[in-house]
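Data first, discussion second: the structure below is written as structure tokens.
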Protein chains: 2
Amino acid sequence: MLRLFGIPESEIAETLRIAEEEVEGFDELEITTCLRRGEVEVVVRHEPGAPAAWERVRRLIGERHERTLFSSDGASVDEQVGELLKGHTIALAESCTAGLMAARLAERPGSSSYLLGGAVTYANEAKVAQLGVDPALIERHGAVSPEVAAAMADGALERFGASVALAITGIAGPGGGTEDKPVGTVCWCARRSDGAELARQVHLPGDRAEIRDRSTTVGMHLLRRLMLGEEFPL
Amino acid sequence: MLRLFGIPESEIAETLRIAEEEVEGFDELEITTCLRRGEVEVVVRHEPGAPAAWERVRRLIGERHERTLFSSDGASVDEQVGELLKGHTIALAESCTAGLMAARLAERPGSSSYLLGGAVTYANEAKVAQLGVDPALIERHGAVSPEVAAAMADGALERFGASVALAITGIAGPGGGTEDKPVGTVCWCARRSDGAELARQVHLPGDRAEIRDRSTTVGMHLLRRLMLGEEFPL
């Protein structure tokens with residue numbers, strides 16, 4: 001199984017069409033693609049005699065989607081992040097996800113070796129009191145802004161004494177959207193105490209539950225890239 | 001649909017056996033019971049002519065299970081708590097659930113009117129730094145204890161300036177259990193700023209995910225009873 005993130009299913013379909021033309025023995029492979037929680041999974045079933053064809057398809061996917069292919073051995077991004085965080089400590093700063101990101105990191109047994117905790121700061125006053133966010137920053141840029149996400153991440157690093165922090169602030173809806181920042185607007189900031197940073201602002205599709213869940217998936221991928229030192233955007 | 005909490009399915013089965021003997025027209029009712037996330041749901045389907053029999057069964061269940069029947073109109077405990085919290089403000093203090101309780105409260109659109117946020121304090125140092133828990137209390141009673149749960153609730157009330165707080169600390173496993181406090185041991189403390197309190201320590205069955213999920217269900221019911229002023233234990 002291959003897993004990709006940050007790519008439309010149509011691009012994988014295009015790659016598979018090319019593979020169909022170029023790769024001998026492609027017909028002996030049974031390949032299915034599946035969109036799951038914002039990731040594309042490519043699963044292959046093949047006869048014992050067809051691994052060479054699969055190897056060529058796999059290489060083609062790797063070449064064409066180098067930046068979005070994140071797993072070739074079945075490992076989930078949650079497992080990868082769990083491994084990458086070993087030896088580090090992490091704290092979360094969450095608004096729209098309201099604890100889902102911390103809870104997702106805590107799903108893995110043994111996560112207590114790196115997960116210190118997090119601040120769920122749903123109200124603006126909580127962002128100020130729990131994370132030291134400057135109220136003027138919220139006033140100027142809005143609670144859902146790259147600036148406030150960065151300040152939340154800094155607050156989590158400092159207040160928890162963590163070496164890694166991830167902040168998420170967004171508008172999960174159904175209310176709260178504006179013309180500038182419609183429902184689905186989410187800002188992430190992942191920072192390390194050594195200064196490394198990855199930040200992003202995205203407009204996510206879906207309803208309230210989907211936006212909140214997808215926000216944690218993007219958060220996982222930001223953490224993965226931050227810990228790997230990959231600096232290109234998602 | 002009736003919903004009950006804190007009752008084994010077998011007790012409802014016993015009540016239905018009694019109803020079968022006592023209630024005329026019982027045979028025309030199609031009653032099913034279902035255990036879902038720690039709650040028992042009793043669903044009835046009946047012919048248009050049989051509402052009188054259902055009314056009698058419903059009354060029998062209400063009489064025999066007065067303390068555990070919490071919903072007769074299909075409303076979930078989440079919906080009830082959301083209604084009860086209107087006009088109040090709530091903050092969470094979570095250890096083993098690591099944000100699941102805050103996230104569950106935030107599932108409801110409009111929850112931002114009462115949900116201020118919460119502290120996810122997975123590490124003991126986070127309990128001290130984020131919630132002001134006395135390290136000596138953790139040393140003396142352990143992080144999973146009624147004493148520490150109460151201190152976490154007080155910290156959430158104070159740090160967030162909330163009128164209601166709920167603290168959850170437990171051992172979700174698979175590691176971390178002891179003879180005294182096996183995996184599944186969880187302590188809750190729900191407190192209001194006016195001094196009202198409901199606390200509980202329970203040994204929950206199930207695996208890590210089930211213990212964490214069930215912990216939020218118990219938390220919801222504690223909040224419901226605290227806000228209703230019902231002081232008998234769950």
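Letters A, B, ... go to the chains of the structure tokens in the order shown; residues in each chain start at 1; ligands are counted from 1 in the same order.
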- Would you give me, as a PyMOL selection string, the residues of chain A that come within 10 Å of chain B, using only C-alpha atoms? chain A and resi 91-127+129-130+159-161+172-176+208-209+212
- Message: Just want the 10 Å neighbourhood of Val44 in chain A, counted on only C-alpha atoms, with same-chain residues fewer than 3 positions away dropped. Output as a list in words.
- Response: Met1, Leu2, Leu29, Glu30, Ile31, Thr32, Thr33, Glu41, Trp54 and Arg58 of chain A
- Query: Using only C-alpha atoms, which of B:Pro205, B:Gly38, B:Gly25, B:Gly170 sits nearest Pro146 in chain B?
  - Reply: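 Checking each candidate against Pro146 in chain B, we get B:Gly170 as the closest.
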- Message: From the options B:Glu63, B:Glu55, B:Glu24, B:Glu179, which residue's atoms come nearest to Ile12 in chain B, counting only C-alpha atoms?
- Response: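 Closest to Ile12 in chain B of all the choices is B:Glu63.
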